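Written out below as structure tokens is the structure these notes cover.
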Amino acid sequence: MDQRTGTKKEIQIDLPEKVAYILDTLLAHGYEAHAVGGCVRDSLLGRTPQDWDVTTSAVPMQVKALFPRTVDTGLTHGTVTVLIGREGFEVTTYRIDGEYVDGRHPKEVFFTPNLLEDLKRRDFTMNAMAYHHTNGLTDAFGGTDDLAAGIVRCVGNPMDRFKEDALRMLRAVRFAAQLDFQIEEHTRDAIRRLAPDLKRISAERIQAELVKLLLSPHPEYIRELYTLGISKVILPELDQMMETKQNHPHHCRTVGEHTICGLTYTAPDRVLRLAMLFHDIAKPVCRTTDENGIDHFYGHPEKSAQMAKKIFRRLKFDRETMERVCALVRWHDYNPLLTEENVRRAVVKTGREQYPRIFALKRADILAQSDYQREEKLAYVDRYEEMYEAMTAKGDCISLKQLAVTGRDIMVLGVQQGRQIGTILNLLLEQVIEDPEKNRRDVLLELAQEYIHHQTLQ
């Protein structure tokens with residue numbers, strides 16, 4: 001290894017043909033070029049990179065002159081996207097960032113012919129490596145050593161890196177969760193000191209990193225947001241959960257630790273993990289303690305759904321995600337008496353869209369509780385799901401869409417007002433829920449006429 005450049009020629013990475021073509025084209029015209037960043041990191045970890053980025057000594061106009069199809073992605077920051085077939089590859093000039101004035105963007109950038117100057121401005125050692133299939137791996141900051149040790153470490157002074165872009169603090173936790181790594185101690189100390197700077201980061205960027213963390217193989221790393229002081233800035237409700245005890249036979253953890261444990265029992269489904277994160281978020285504000293010292297959290301599902309909606313809006317989530325998650329949160333503790341009719345009513349009441357996720361949420365919630373009555377509770381969910389599956393297999397009507405008549409049929413019977421039509425359809429659905437055999441067009445039309453006649457007499 002060249003000690004001055006950190007080049008390790010013995011390491012080989014299998015570059016995609018199109019990436020090798022871009023590197024070779026730039027090299028043939030006298031420029032340096034390397035694959036860089038996350039694609040190198042993932043390759044060294046034996047993972048398949050999602051994207052391949054290239055860094056080069058060529059300036060954007062020189063890059064554009066070498067390739068017939070390009071997109072001006074960010075010329076002022078040195079980035080051109082080279083199109084090969086249907087794929088695009090970002091090619092960025094070596095650069096040095098100027099002063100950061102907003103905790104996110106440099107005021108200006110300066111192009112440099114020096115690869116190491118470019119690499120030293122990057123966030124973490126694992127992301128500050130470059131590779132060329134002829135020259136080998138350039139690793140001047142110990143990225144391979146940190147990968148081998150399972151460490152997330154800033155390049156250079158972590159205070160400088162986080163002052164440049166405060167989001168890097170949340171990214172450190174996210175990378176740790178995705179890779180099951182530990183955050184290096186100096187990097188941790190800098191996060192603790194600079195976490196308040198995250199208030200300068202846009203809600204959209206915070207949301208994106210939070211979701212990636214939740215969907216990682218180790219969502220329990222969300223605990224690091226609390227221990228490092230990040231959640232105090234971006235999700236203060238988590239701090240309240242972590243500090244709220246649950247003195248109750250059904251629980252053995254704080255609200256926050258119960259939630260974190262529950263996340264580990266859920267599949268990496270965006271809606272499901274968000275629902276688990278928020279399912280008990282109102283418990284701190286709903287907590288009461290009886291004369292025996294037992295804590296209760298009456299009304300927390302509904303209140304949690306309300307609080308979750310405010311958080312979704314604060315973090316700029318899309319409306320569909322917000323509605324799906326909040327519905328699961330609202331109904332996660334609803335347990336109908338297990339008869340066929342009651343299960344049909346439960347599906348209508350809670351919404352068909354909540355199934356089958358609601359069973360997964362219930363199981364994770366139970367597994368994160370104490371052992372008290374655990375087997376009975378899990379058996380209940382199993383039976384609930386069996387009855388739901390049997391009901392859907394039979395094609396039982398559980399929504400207005402499945403009724404054998406429509407609003408147009410009711411209009412033909414002489415009812416024109418939309419509200420009256422809706423009332424009649426809901427009455428018919430009620431009949432079908434009680435007795436699925438009634439979901440026949442002739443039976444429902446006769447029942448509708450009876451309702452209309454009754455209304456007329458009134």
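Labels for the structure tokens follow display order: chains A, B, ..., residues from 1 in each chain, ligands from 1.
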Secondary structure check, helix (DSSP H, G or I) residues of stretch 241-317 of chain A, as a PyMOL selection string: chain A and resi 241-242+255-264+270-278+283-286+300-314
May I have the residues within 10 Å of A:Val63 as a PDB file with C-alpha atoms, in the first residue's frame, using only C-alpha atoms and disregarding those fewer than 3 positions away in the same chain?
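Result went into around.pdb, see below:
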```
ATOM      1  CA  ILE A  22     -16.970   5.611 -18.106  1.00  0.00           C
ATOM      2  CA  THR A  25     -13.080   6.763 -21.364  1.00  0.00           C
ATOM      3  CA  LEU A  26     -12.030   9.469 -18.924  1.00  0.00           C
ATOM      4  CA  TYR A  31      -8.233  12.418 -16.733  1.00  0.00           C
ATOM      5  CA  THR A  56     -13.010  12.605 -11.769  1.00  0.00           C
ATOM      6  CA  SER A  57     -10.408  15.296 -12.307  1.00  0.00           C
ATOM      7  CA  ALA A  58     -12.308  16.361 -15.454  1.00  0.00           C
ATOM      8  CA  VAL A  59     -14.527  19.433 -15.112  1.00  0.00           C
ATOM      9  CA  PRO A  60     -18.191  19.185 -16.179  1.00  0.00           C
ATOM     10  CA  LEU A  66     -16.671  12.867 -23.990  1.00  0.00           C
ATOM     11  CA  PHE A  67     -20.134  11.313 -23.781  1.00  0.00           C
ATOM     12  CA  PRO A  68     -22.950  11.756 -26.319  1.00  0.00           C
ATOM     13  CA  THR A  70     -25.585  13.709 -20.558  1.00  0.00           C
ATOM     14  CA  GLY A  78     -19.527  19.677 -10.606  1.00  0.00           C
ATOM     15  CA  THR A  79     -22.075  16.953 -11.337  1.00  0.00           C
ATOM     16  CA  VAL A  80     -23.059  15.645 -14.759  1.00  0.00           C
ATOM     17  CA  THR A  81     -25.199  12.538 -15.265  1.00  0.00           C
ATOM     18  CA  VAL A  82     -23.877  10.330 -18.040  1.00  0.00           C
ATOM     19  CA  VAL A  91     -19.982  11.924 -12.628  1.00  0.00           C
ATOM     20  CA  THR A  92     -18.680  14.645 -10.300  1.00  0.00           C
ATOM     21  CA  THR A  93     -15.504  16.682 -10.488  1.00  0.00           C
TER      22      THR A  93
END
```
Polymer residues at most 6 Å from stretch 306-318 of chain A, only C-alpha atoms, same-chain spacing of 4 or more positions, as a list of chain:residue names: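 Non-adjacent residues within range: A:Ala203, A:Glu204, A:Gln207.
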Residue with smallest distance to A:Leu213 - pool A:Val19, A:Leu228, A:Ala130, A:Leu277, counting only C-alpha atoms: A:Leu277
Test item, strand (DSSP E or B) assignment across stretch 172-340 of chain A, answer as a CSV table (one decimal) with N, CA and C atoms, in the first residue's frame:
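The resulting part.csv:
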```csv
chain,number,residue,atom,x,y,z
A,182,GLN,N,-21.1,0.2,15.2
A,182,GLN,CA,-21.1,1.1,16.4
A,182,GLN,C,-20.6,2.4,15.9
A,183,ILE,N,-21.1,3.5,16.5
A,183,ILE,CA,-20.6,4.8,16.2
A,183,ILE,C,-19.4,5.1,17.1
A,288,THR,N,-52.5,7.6,33.9
A,288,THR,CA,-53.0,7.8,35.2
A,288,THR,C,-52.6,6.7,36.1
A,289,THR,N,-52.6,6.9,37.4
A,289,THR,CA,-52.2,5.8,38.4
A,289,THR,C,-53.3,5.7,39.4
A,295,ASP,N,-50.6,1.7,36.8
A,295,ASP,CA,-50.7,2.7,35.7
A,295,ASP,C,-51.8,2.3,34.7
A,296,HIS,N,-52.5,3.3,34.2
A,296,HIS,CA,-53.5,3.0,33.1
A,296,HIS,C,-53.3,4.1,32.1
```
Counting only C-alpha atoms, the residue of A:Trp331, A:Tyr221, A:Ala275, A:Asp409 that sits nearest A:His300: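 Of all the options, A:Trp331 lies closest to A:His300.
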Neighbour list for A:Ala282 as a list in words, cut-off 9 Å, only C-alpha atoms, skip fewer than 5 positions in-chain: Glu237, Met241, Arg287, Phe297, Gly299, His300, Pro301, Glu302, Lys303, Ser304, Ala305, Gln306, Met307 and Ala308 of chain A
Go ahead and save the picked residues with N, CA and C atoms, as a PDB file, in the first residue's frame.
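For reference, selection_22.pdb as written:
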```pdb
ATOM      1  N   GLU A 237     -41.361  13.554  21.136  1.00  0.00           N
ATOM      2  CA  GLU A 237     -42.315  12.600  21.687  1.00  0.00           C
ATOM      3  C   GLU A 237     -41.633  11.286  22.067  1.00  0.00           C
ATOM      4  N   MET A 241     -41.652   9.107  25.671  1.00  0.00           N
ATOM      5  CA  MET A 241     -41.933   7.674  25.741  1.00  0.00           C
ATOM      6  C   MET A 241     -40.825   6.924  26.482  1.00  0.00           C
ATOM      7  N   ARG A 287     -51.419   8.839  30.792  1.00  0.00           N
ATOM      8  CA  ARG A 287     -51.110   8.007  31.959  1.00  0.00           C
ATOM      9  C   ARG A 287     -51.814   8.497  33.222  1.00  0.00           C
ATOM     10  N   PHE A 297     -53.708   3.757  30.856  1.00  0.00           N
ATOM     11  CA  PHE A 297     -53.506   4.662  29.720  1.00  0.00           C
ATOM     12  C   PHE A 297     -54.789   4.731  28.897  1.00  0.00           C
ATOM     13  N   GLY A 299     -57.767   5.553  26.619  1.00  0.00           N
ATOM     14  CA  GLY A 299     -57.949   6.391  25.435  1.00  0.00           C
ATOM     15  C   GLY A 299     -56.689   6.629  24.631  1.00  0.00           C
ATOM     16  N   HIS A 300     -55.610   5.908  24.952  1.00  0.00           N
ATOM     17  CA  HIS A 300     -54.347   6.213  24.258  1.00  0.00           C
ATOM     18  C   HIS A 300     -54.353   5.857  22.768  1.00  0.00           C
ATOM     19  N   PRO A 301     -55.086   4.832  22.286  1.00  0.00           N
ATOM     20  CA  PRO A 301     -55.051   4.571  20.841  1.00  0.00           C
ATOM     21  C   PRO A 301     -55.561   5.749  20.012  1.00  0.00           C
ATOM     22  N   GLU A 302     -56.716   6.301  20.393  1.00  0.00           N
ATOM     23  CA  GLU A 302     -57.272   7.432  19.651  1.00  0.00           C
ATOM     24  C   GLU A 302     -56.365   8.650  19.758  1.00  0.00           C
ATOM     25  N   LYS A 303     -55.879   8.909  20.962  1.00  0.00           N
ATOM     26  CA  LYS A 303     -55.004  10.059  21.167  1.00  0.00           C
ATOM     27  C   LYS A 303     -53.678   9.869  20.428  1.00  0.00           C
ATOM     28  N   SER A 304     -53.181   8.656  20.394  1.00  0.00           N
ATOM     29  CA  SER A 304     -51.939   8.380  19.665  1.00  0.00           C
ATOM     30  C   SER A 304     -52.113   8.644  18.175  1.00  0.00           C
ATOM     31  N   ALA A 305     -53.259   8.259  17.622  1.00  0.00           N
ATOM     32  CA  ALA A 305     -53.530   8.518  16.204  1.00  0.00           C
ATOM     33  C   ALA A 305     -53.550  10.015  15.928  1.00  0.00           C
ATOM     34  N   GLN A 306     -54.134  10.774  16.841  1.00  0.00           N
ATOM     35  CA  GLN A 306     -54.180  12.236  16.680  1.00  0.00           C
ATOM     36  C   GLN A 306     -52.776  12.833  16.735  1.00  0.00           C
ATOM     37  N   MET A 307     -51.969  12.378  17.694  1.00  0.00           N
ATOM     38  CA  MET A 307     -50.612  12.890  17.806  1.00  0.00           C
ATOM     39  C   MET A 307     -49.759  12.474  16.607  1.00  0.00           C
ATOM     40  N   ALA A 308     -49.943  11.240  16.150  1.00  0.00           N
ATOM     41  CA  ALA A 308     -49.185  10.762  14.995  1.00  0.00           C
ATOM     42  C   ALA A 308     -49.489  11.608  13.767  1.00  0.00           C
TER      43      ALA A 308
END
```
Residue neighbourhood A:Phe111, 7 Å, only C-alpha atoms, exclusion window fewer than 5 positions, as a list in words: Thr93, Tyr94, Arg95 and Ile96 of chain A
Selected residue of minimal separation from A:Arg344 among A:Val405, A:Val412, A:Val381, A:Leu429, counting only C-alpha atoms: A:Leu429
Long-range neighbours of A:Ala149 as a list in words, 9 Å cut-off, only C-alpha atoms, 4 positions minimum in chain: Thr144, Asp145, Phe181 and Gln182 of chain A
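Distances from A:Ser370, A:Thr406, A:Gln354, A:Gln417 to A:Arg441 were compared using only C-alpha atoms, and the smallest one belongs to A:Thr406.
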Which residue of A:Leu447, A:Ala140, A:Ala148, A:Ala190 approaches A:Leu44 most closely, using only C-alpha atoms: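 Checking each of A:Leu447, A:Ala140, A:Ala148, A:Ala190 against A:Leu44, counting only C-alpha atoms, the winner is A:Ala148.
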Nearby residues (only C-alpha atoms) at most 7 Å from stretch 389-403 of chain A, same-chain spacing under 6 positions excluded, as an MDAnalysis selection string: chainID A and resid 344 347:348 429 432:433 436 439
With all heavy atoms retained, write the just-selected residues as a compact mmCIF listing (two decimals), in the first residue's frame.
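Final file, again_26.txt:
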```
# COMPACT_ATOMS: atom_id res chain seq x y z
N ARG A 344 -66.80 -9.64 11.06
CA ARG A 344 -67.21 -8.85 9.89
C ARG A 344 -67.42 -7.39 10.30
O ARG A 344 -67.00 -6.47 9.58
CB ARG A 344 -68.49 -9.43 9.28
CG ARG A 344 -68.30 -10.75 8.54
CD ARG A 344 -69.53 -11.10 7.71
NE ARG A 344 -70.68 -11.44 8.53
CZ ARG A 344 -70.99 -12.67 8.96
NH1 ARG A 344 -70.19 -13.69 8.65
NH2 ARG A 344 -72.07 -12.88 9.68
N VAL A 347 -64.07 -5.57 10.77
CA VAL A 347 -63.42 -5.18 9.51
C VAL A 347 -64.08 -3.94 8.93
O VAL A 347 -63.41 -3.02 8.46
CB VAL A 347 -63.46 -6.34 8.50
CG1 VAL A 347 -62.88 -5.89 7.16
CG2 VAL A 347 -62.68 -7.54 9.04
N VAL A 348 -65.41 -3.89 8.99
CA VAL A 348 -66.11 -2.70 8.50
C VAL A 348 -65.77 -1.48 9.35
O VAL A 348 -65.51 -0.39 8.84
CB VAL A 348 -67.64 -2.94 8.51
CG1 VAL A 348 -68.39 -1.65 8.17
CG2 VAL A 348 -68.01 -4.05 7.51
N LEU A 429 -76.01 -2.87 4.07
CA LEU A 429 -74.75 -3.48 4.50
C LEU A 429 -74.89 -4.08 5.89
O LEU A 429 -74.37 -5.17 6.17
CB LEU A 429 -73.63 -2.44 4.48
CG LEU A 429 -72.24 -2.93 4.93
CD1 LEU A 429 -71.74 -4.07 4.04
CD2 LEU A 429 -71.23 -1.78 4.93
N VAL A 432 -76.46 -7.39 5.61
CA VAL A 432 -75.57 -8.39 5.02
C VAL A 432 -74.50 -8.83 6.01
O VAL A 432 -74.06 -9.99 6.01
CB VAL A 432 -74.93 -7.84 3.73
CG1 VAL A 432 -73.82 -8.75 3.22
CG2 VAL A 432 -76.00 -7.67 2.65
N ILE A 433 -74.06 -7.90 6.87
CA ILE A 433 -73.09 -8.27 7.89
C ILE A 433 -73.69 -9.29 8.85
O ILE A 433 -73.04 -10.25 9.25
CB ILE A 433 -72.62 -7.01 8.66
CG1 ILE A 433 -71.74 -6.15 7.74
CG2 ILE A 433 -71.86 -7.40 9.93
CD1 ILE A 433 -71.38 -4.82 8.34
N PRO A 436 -74.72 -12.96 5.66
CA PRO A 436 -74.10 -12.84 4.34
C PRO A 436 -74.96 -13.39 3.21
O PRO A 436 -74.79 -12.98 2.05
CB PRO A 436 -72.79 -13.64 4.49
CG PRO A 436 -72.51 -13.63 5.96
CD PRO A 436 -73.85 -13.66 6.62
N ASN A 439 -76.82 -11.09 0.66
CA ASN A 439 -76.15 -10.27 -0.36
C ASN A 439 -76.46 -10.78 -1.76
O ASN A 439 -75.59 -11.23 -2.50
CB ASN A 439 -74.64 -10.25 -0.12
CG ASN A 439 -73.96 -9.16 -0.94
OD1 ASN A 439 -74.56 -8.14 -1.24
ND2 ASN A 439 -72.69 -9.37 -1.29
```
Pairwise distance for atom CA of A:Lys245 and atom CA of A:Leu225, rounded to one decimal in Å: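 Between atom CA of A:Lys245 and atom CA of A:Leu225 the gap is 18.9 Å.
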Atom pair atom CA of A:Pro268 / atom CA of A:His218: separation (Å):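 Taking atom CA of A:Pro268 and atom CA of A:His218, their separation equals 9.7 Å.
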